[in-house]
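Below: the structure, in structure tokens.
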Amino acid sequence: MTTTILASGSAAVAQSESEPAGSLQPVEEIVVTGDFIPDEKRGTSEIANVLDADDFTRTGDSDMAAALQRVTGLSLVEGKYVFVRGLGKRYSNATLDGSPLPSPEPLSRVIPLDIFPTSFIGNTLVQKTFSPEYPAQFGGGIIALRTKRLPEERRFRVSVSAEANSVTTFSDGLALKGGSLDFLGIDNGYRSIPDLLAQDPNLEQFPTNSAEREAIGEALPNAWSPDNEPLPPGVGLAFNYDDRFDFSDMSVGVQLGLSYDSSLQNRNGIRQVFALEQGEVAVNESYTPEACVENLAPLNRTQPGVVADFVDGCGVRSTVWEIGLNGFLNVGVDFGNNHSIKATQLLLRQTTRESVIEQGIDFEGDPRSSVRNDWIERQVWFSQLNGDHFVNLFDNDWFAGDLEIQWRASYAAADRDTPFRRTYDYVLNEATGLLSFDPQTEGNRTVFGELSDDQYGAGLDFIQPMNWFGRPVDVKLGYAYEKKDRESAFRRYFFDNFGDLNRQVIPEFIFTEENIGPDGLTLFPIFQPSDAFTADFRNHQAYIGLDAQVIDTVRVALGGRFEDSVQTAESFGLVNEQDVLRANIDETYFLPAVTVTWEFAQNMQLRGAFSQTISRPDLREIADTQFLDPERNRFIRGNPDLVNSELTNFDVRWEWYFGRRDQMTLGAFYKEIKNPIERAIRIEGSNRVISFFNRAFVDTRTGSTDVRLQGGLVQAQDLADVEIFDTEADLIGVEFELVKYYDVSDLVDWQFFEDRELYLIGNFSYIDSEVNIDESVVDELQLSSATRRLQGQSEIIVNAQIGFEDFLAGEKLAVVLNWQSERLQEVGTLGRPDIFERPPIMVDFVYSREFDLGETPMQVRFSAQNLLNEEEFLSQGGETTENFQIGRTFSISLSAEF
């Protein structure tokens with residue numbers, strides 16, 4: 001954005017001593033180029049917040065998920081999903097340079113923002129009120145990521161970093177043998193599905209007594225047991241190259257970025273599962289030392305050494321290795337002063353190696369040790385071509401400037417590969433006092449999974465400045481098309497026929513080539529009706545809007561958005577692909593939006609907004625089949641009768657800009673949500689199954705709630721006998737934000753503060769929500785209550801930063817606080833209480849300083865995270881369900897610019 005400022009020469013240049021006092025200099029035109037001139041937060045027509053590179057540096061956040069949690073009303077969940085105003089991830093939407101983004105997660109269409117390095121992002125707009133140029137999938141807000149602008153000059157920057165964690169670095173952690181390229185997050189084929197198995201994944205052509213079946217079993221890596229080994233520090237490396245080439249009537253800018261990071265994290269703690277017994281919450285499973293001591297008390301009297309060894313291992317041990325390998329290329333062309341075209345290529349790779357050992361008492365009361373080893377590769381490739389053009393099509397008094405035409409076309413692909421997941425169990429044989437490999441079908445699993453998500457997008461926007469009766473008005477209209485195709489498949493296998501093998505040894509001694517064969521261990525497939533899954537989404541969108549200065553102090557932005565979308569999902573087994581379960585949502589909407597801004601004082605303004613928006617179910621949530629969550633090893637069933645949630649939004653915010661960078665805002669909002677989509681745990685047979693609901697159906701003839709409009713249980717002619725119960729939710733909140741800079745040298749005569757500017761940045765959010773479900777269907781839905789708060793919503797969110805900046809020396813220091821009150825993680829069912837998460841109180845310290853090494857500009861940065869040594873904690877009915885140590889993390893980085 002370029003802003004032209006007319007200034008007198010006395011303001012632009014110093015007065016010459018030879019000139020008489022009071023003489024005037026000729027008026028000079030100064031052209032200022034920048035991202036936010038004036039402040040975008042103040043100048044936009046909507047209620048919004050903006051993060052830029054300075055914010056990323058001040059807080060020391062290396063990924064966008066961590067950076068966004070500093071924004072008023074935003075919270076971070078699972079370390080990667082951003083909740084806006086306490087609403088779940090389904091109520092947020094993210095775009096990159098205006099284009100939609102795919103997700104590499106198998107159960108979610110929302111992209112995890114932790115895979116975006118802040119070094120690749122120029123700035124980010126978080127808009128909390130809906131305006132028609134953005135997608136209608138808008139609950140809490142839109143997160144608009146923007147890549148960097150074209151550079152002004154040549155620059156090459158290289159940086160290295162190291163990281164240590166108090167419970168991880170140089171401590172023992174779990175590690176399973178892998179391939180030679182693991183350090184890059186790339187499997188070299190070690191974990192790949194064997195060629196014979198790839199030819200016939202269902203093993204239909206290879207009988208159990210065939211040589212091929214034996215060869216397949218032997219071809220699988222005999223890698224089961226994670227080793228205990230000291231864990232090294234985390235490391236990082238980044239390169240950035242910017243350049244600009246100017247020609248007579250054209251400029252070309254190039255930006256190239258590459259980054260690599262490797263970090264390890266131990267998570268040691270406990271986990272428990274509770275059930276309701278005689279109206280009281282009771283332990284059903286417990287992976288804690290206390291439960292082991294209590295359960296094994298009889299054995300302790302005869303074999304105390306055995307019990308002591310087992311108890312020492314009771315609890316949960318987990319080691320996660322995260323490897324990031326990312327690349328960014330941006331090439332732009334500016335020509336003719338009014339035209340620009342930019343091509344963006346972005347490749348983000350994040351690989352996770354995780355080993356988990358859970359040892360304790362299972363739901364049958366047996367001492368058990370369960371092990372899971374994972375290798376997961378996630379990748380997002382984003383490719384976009386966009387243009388921005390200014391043309392003069394109209395030459396009369398009604399049109400105040402050039403017509404701006406913005407266009408974009410994008411292709412994005414998200415892939416997730418799980419090439420070799422392995423789980424197995426050992427059960428303590430109390431007769432012998434030895435752990436024995438569990439020979440049951442569920443006792444061992446080898447899983448191969450993959451997911452691909454292809455997304456195509458195109459958009460065309462027109463912005464025409466006009467002059468209506470002497471008042472400036474921007475007329476906006478545009479069209480966008482979005483197409484998404486998703487495919488996912490998981491293949492599961494297990495070994496059986498243990499016979500009289502010695503199972504009281506490690507798995508590597510059990511699954512030797514000598515023990516695999518027709519008369520021994522044999523590989524079998526496991527089939528689920530939802531092993532394969534496809535989904536697609538098509539959306540035609542159009543909008544029109546006006547942004548008008550109706551009087552000198554009042555600005556009105558209004559318009560509407562039309563969306564015509566079809567969302568379908570199909571699940572089918574890999575054995576019989578004809579057995580397809582289908583579901584679809586076909587909806588058309590016109591959604592209005594209006595925002596009024598009243599600048600009632602020179603530095604103050606008041607905004608009020610009203611809008612209607614929607615939130616769609618995730619792709620797999622509408623598939624009427626039971627499937628296994630590959631992340632948490634639990635069953636999930638979709639619901640084909642889910643409908644889009646419809647939101648009505650009201651917002652108001654007072655803003656006061658009382659200094660060069662000082663500001664204060666106070667706002668409130670209210671949302672009505674019709675049919676919010678919620679998660680609940682249900683009992684199906686012997687399984688605890690998570691399902692989704694946002695309305696209930698009752699057959700008035702029988703009183704049954706086992707009704708599916710799309711599932712075939714209710715035919716169209718019978719709909720008159722079905723009563724529909726919608727769910728509702730209300731959300732009300734207050735947000736406060738303060739940014740204040742102090743020139744301390746005016747207050748105290750300390751040399752330390754002569755060039756340093758002290759600042760205080762803080763925000764506070766209070767959010768209250770309530771979900772209401774008709775009492776008549778609560779029991780049939782197996783829910784514990786008819787009224788509760790929304791899932792994932794914290795009532796209180798607090799962010800604070802205090803520090804100083806020295807712009808001359810390039811020095812910054814900050815102490816950063818993030819606190820969120822407890823939030824509902826799982827809805828209670830069958831009388832059991834809800835499960836709540838208590839997020840850790842995070843206090844971080846960040847310091848950076850620029851200096852010169854010879855003629856080379858350098859920067860050093862140090863950060864310390866979780867200074868209070870907080871832990872992750874979940875509870876149910878006042879009892880601890882999960883508690884994990886995460887430790888303190890210290891990092892240092894050094895960068896040089898050439």
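Residues are named by chain letter and number: chains run A, B, ... in the order of the structure tokens, numbers start at 1 in each chain, and ligands are numbered from 1 in the order shown.
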**Prompt:** Which residues in range 173-378 of chain A does DSSP call strand (DSSP E)? List them as a PyMOL selection string.
**Reply:** chain A and resi 173-175+227-230+234-246+250-277+280-287+315-335+339-361+367-378
Take the residues just selected and output them with C-alpha atoms as a CSV table (one decimal), in the first residue's frame.
```csv
chain,number,residue,atom,x,y,z
A,173,GLY,CA,13.8,-40.6,26.3
A,174,LEU,CA,12.1,-43.1,24.1
A,175,ALA,CA,13.4,-43.7,20.5
A,227,ASP,CA,15.2,-47.7,23.3
A,228,ASN,CA,16.0,-45.5,26.3
A,229,GLU,CA,18.6,-43.0,25.2
A,230,PRO,CA,19.8,-39.5,26.2
A,234,GLY,CA,17.0,-29.1,19.6
A,235,VAL,CA,18.6,-27.3,16.7
A,236,GLY,CA,17.4,-24.9,13.9
A,237,LEU,CA,18.8,-23.4,10.7
A,238,ALA,CA,17.3,-20.8,8.4
A,239,PHE,CA,18.3,-19.0,5.2
A,240,ASN,CA,16.5,-16.0,3.7
A,241,TYR,CA,17.4,-14.3,0.5
A,242,ASP,CA,15.6,-11.1,-0.8
A,243,ASP,CA,16.5,-9.2,-3.9
A,244,ARG,CA,15.0,-6.6,-6.2
A,245,PHE,CA,15.8,-5.9,-9.9
A,246,ASP,CA,14.7,-2.5,-11.3
A,250,MET,CA,9.3,-2.7,-14.3
A,251,SER,CA,10.6,-4.0,-11.0
A,252,VAL,CA,11.1,-7.7,-10.1
A,253,GLY,CA,11.3,-8.9,-6.5
A,254,VAL,CA,12.4,-12.3,-5.3
A,255,GLN,CA,12.2,-13.8,-1.9
A,256,LEU,CA,13.5,-17.2,-1.0
A,257,GLY,CA,13.3,-18.8,2.4
A,258,LEU,CA,14.5,-22.2,3.7
A,259,SER,CA,14.2,-23.5,7.3
A,260,TYR,CA,15.0,-26.6,9.3
A,261,ASP,CA,14.3,-27.3,12.9
A,262,SER,CA,14.5,-30.3,15.2
A,263,SER,CA,13.1,-30.5,18.7
A,264,LEU,CA,12.4,-33.2,21.2
A,265,GLN,CA,10.0,-33.2,24.1
A,266,ASN,CA,9.4,-35.7,27.0
A,267,ARG,CA,5.9,-35.8,28.4
A,268,ASN,CA,5.8,-37.9,31.5
A,269,GLY,CA,2.8,-38.2,33.7
A,270,ILE,CA,-0.4,-40.2,34.5
A,271,ARG,CA,-3.7,-41.0,32.8
A,272,GLN,CA,-7.0,-42.3,34.2
A,273,VAL,CA,-10.4,-43.2,32.8
A,274,PHE,CA,-13.5,-42.9,35.0
A,275,ALA,CA,-16.9,-44.6,35.0
A,276,LEU,CA,-20.1,-44.0,37.1
A,277,GLU,CA,-20.7,-46.6,39.7
A,280,GLU,CA,-20.2,-42.0,42.1
A,281,VAL,CA,-17.3,-41.3,39.8
A,282,ALA,CA,-15.0,-44.4,40.1
A,283,VAL,CA,-11.7,-45.3,38.4
A,284,ASN,CA,-12.1,-47.6,35.4
A,285,GLU,CA,-8.5,-47.6,34.1
A,286,SER,CA,-5.5,-46.1,35.9
A,287,TYR,CA,-2.0,-45.7,34.6
A,315,GLY,CA,2.4,-44.1,34.5
A,316,VAL,CA,2.8,-42.7,31.0
A,317,ARG,CA,6.0,-41.9,29.3
A,318,SER,CA,6.1,-40.2,25.9
A,319,THR,CA,8.9,-38.8,23.7
A,320,VAL,CA,8.0,-36.7,20.7
A,321,TRP,CA,10.5,-35.7,18.0
A,322,GLU,CA,9.3,-32.9,15.8
A,323,ILE,CA,11.2,-32.2,12.5
A,324,GLY,CA,10.3,-29.2,10.3
A,325,LEU,CA,11.6,-28.7,6.8
A,326,ASN,CA,10.1,-25.7,5.0
A,327,GLY,CA,10.6,-23.7,1.9
A,328,PHE,CA,9.2,-20.4,0.5
A,329,LEU,CA,9.5,-18.7,-2.9
A,330,ASN,CA,7.9,-15.5,-3.8
A,331,VAL,CA,8.4,-13.8,-7.2
A,332,GLY,CA,6.6,-10.5,-7.9
A,333,VAL,CA,6.5,-8.1,-10.8
A,334,ASP,CA,5.5,-4.4,-10.6
A,335,PHE,CA,5.0,-2.7,-13.9
A,339,HIS,CA,0.0,-3.3,-12.0
A,340,SER,CA,1.5,-6.1,-10.0
A,341,ILE,CA,1.6,-9.8,-10.3
A,342,LYS,CA,2.9,-12.2,-7.7
A,343,ALA,CA,3.6,-15.9,-7.7
A,344,THR,CA,3.9,-17.8,-4.4
A,345,GLN,CA,5.2,-21.3,-3.7
A,346,LEU,CA,5.1,-22.5,-0.2
A,347,LEU,CA,6.1,-26.0,1.1
A,348,LEU,CA,5.7,-26.9,4.7
A,349,ARG,CA,6.7,-30.3,6.1
A,350,GLN,CA,6.4,-31.4,9.7
A,351,THR,CA,7.3,-34.9,10.8
A,352,THR,CA,6.5,-36.4,14.2
A,353,ARG,CA,8.2,-39.5,15.7
A,354,GLU,CA,6.5,-40.5,18.9
A,355,SER,CA,6.9,-43.4,21.3
A,356,VAL,CA,4.5,-43.9,24.2
A,357,ILE,CA,4.5,-46.4,27.0
A,358,GLU,CA,1.5,-46.6,29.3
A,359,GLN,CA,1.8,-49.0,32.3
A,360,GLY,CA,-0.8,-49.5,34.9
A,361,ILE,CA,-4.1,-51.2,35.6
A,367,PRO,CA,-1.6,-55.0,35.2
A,368,ARG,CA,-0.8,-54.0,31.6
A,369,SER,CA,2.0,-52.3,29.7
A,370,SER,CA,1.0,-50.8,26.3
A,371,VAL,CA,3.4,-49.4,23.7
A,372,ARG,CA,2.7,-47.2,20.7
A,373,ASN,CA,5.3,-46.1,18.1
A,374,ASP,CA,4.4,-43.5,15.4
A,375,TRP,CA,6.0,-41.9,12.4
A,376,ILE,CA,3.7,-39.2,10.8
A,377,GLU,CA,4.7,-37.0,7.9
A,378,ARG,CA,2.5,-34.0,7.3
```
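Of the residues listed (A:Leu523, A:Ala609, A:Met64, A:Leu76), A:Leu76 shows the shortest atom-to-atom separation from Gln793 in chain A; distances use only C-alpha atoms.
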**Request:** May I ask which of the residues A:Gly185, A:Leu460, A:Arg661, A:Gln820 is the closest one to Asp743 in chain A, counting only C-alpha atoms?
**Result:** A:Arg661
Extract the full set of alpha helix (DSSP H) residues from range 189-410 of chain A according to DSSP on the backbone, and format it as a PDB file with C-alpha atoms, in the first residue's frame.
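Full text of out-v3.pdb as output:
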```pdb
ATOM      1  CA  ASP A 195       6.098 -54.724  -2.161  1.00  0.00           C
ATOM      2  CA  LEU A 196       4.160 -57.992  -1.895  1.00  0.00           C
ATOM      3  CA  LEU A 197       1.726 -56.461   0.551  1.00  0.00           C
ATOM      4  CA  ALA A 198       1.282 -53.414  -1.672  1.00  0.00           C
ATOM      5  CA  GLN A 199       0.302 -55.740  -4.535  1.00  0.00           C
ATOM      6  CA  ALA A 211       5.326 -68.660   1.102  1.00  0.00           C
ATOM      7  CA  GLU A 212       4.190 -65.170   0.049  1.00  0.00           C
ATOM      8  CA  ARG A 213       2.307 -64.645   3.321  1.00  0.00           C
ATOM      9  CA  GLU A 214       5.433 -65.697   5.231  1.00  0.00           C
ATOM     10  CA  ALA A 215       7.621 -63.397   3.113  1.00  0.00           C
ATOM     11  CA  ILE A 216       5.329 -60.449   3.839  1.00  0.00           C
ATOM     12  CA  GLY A 217       5.501 -61.055   7.578  1.00  0.00           C
ATOM     13  CA  GLU A 218       9.282 -61.288   7.438  1.00  0.00           C
ATOM     14  CA  ALA A 219       9.556 -58.153   5.283  1.00  0.00           C
ATOM     15  CA  PRO A 289       1.997 -45.719  40.406  1.00  0.00           C
ATOM     16  CA  GLU A 290      -0.629 -45.499  43.164  1.00  0.00           C
ATOM     17  CA  ALA A 291      -3.054 -47.757  41.294  1.00  0.00           C
ATOM     18  CA  CYS A 292      -0.291 -50.288  40.641  1.00  0.00           C
ATOM     19  CA  VAL A 293       0.675 -50.408  44.333  1.00  0.00           C
ATOM     20  CA  GLU A 294      -2.939 -50.885  45.417  1.00  0.00           C
ATOM     21  CA  ASN A 295      -3.778 -53.514  42.789  1.00  0.00           C
ATOM     22  CA  ALA A 297      -0.635 -55.525  47.083  1.00  0.00           C
ATOM     23  CA  PRO A 298      -1.329 -59.307  47.308  1.00  0.00           C
ATOM     24  CA  LEU A 299       1.514 -60.102  44.890  1.00  0.00           C
ATOM     25  CA  ASN A 300       3.803 -57.759  46.800  1.00  0.00           C
ATOM     26  CA  ARG A 301       3.655 -60.047  49.819  1.00  0.00           C
ATOM     27  CA  THR A 302       5.158 -62.949  47.852  1.00  0.00           C
ATOM     28  CA  PRO A 304       8.084 -57.734  46.302  1.00  0.00           C
ATOM     29  CA  GLY A 305      10.892 -57.383  43.768  1.00  0.00           C
ATOM     30  CA  VAL A 306       8.553 -58.054  40.836  1.00  0.00           C
ATOM     31  CA  VAL A 307       6.041 -55.522  42.102  1.00  0.00           C
ATOM     32  CA  ALA A 308       8.717 -52.892  42.670  1.00  0.00           C
ATOM     33  CA  ASP A 309       9.994 -53.268  39.102  1.00  0.00           C
ATOM     34  CA  PHE A 310       6.490 -52.994  37.667  1.00  0.00           C
ATOM     35  CA  VAL A 311       5.515 -50.035  39.859  1.00  0.00           C
ATOM     36  CA  ASP A 312       8.687 -48.174  38.813  1.00  0.00           C
TER      37      ASP A 312
END
```
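Minimum distance to Leu87 in chain A across A:Arg861, A:Arg616, A:Arg421, A:Lys671 (counting only C-alpha atoms) occurs at A:Lys671.
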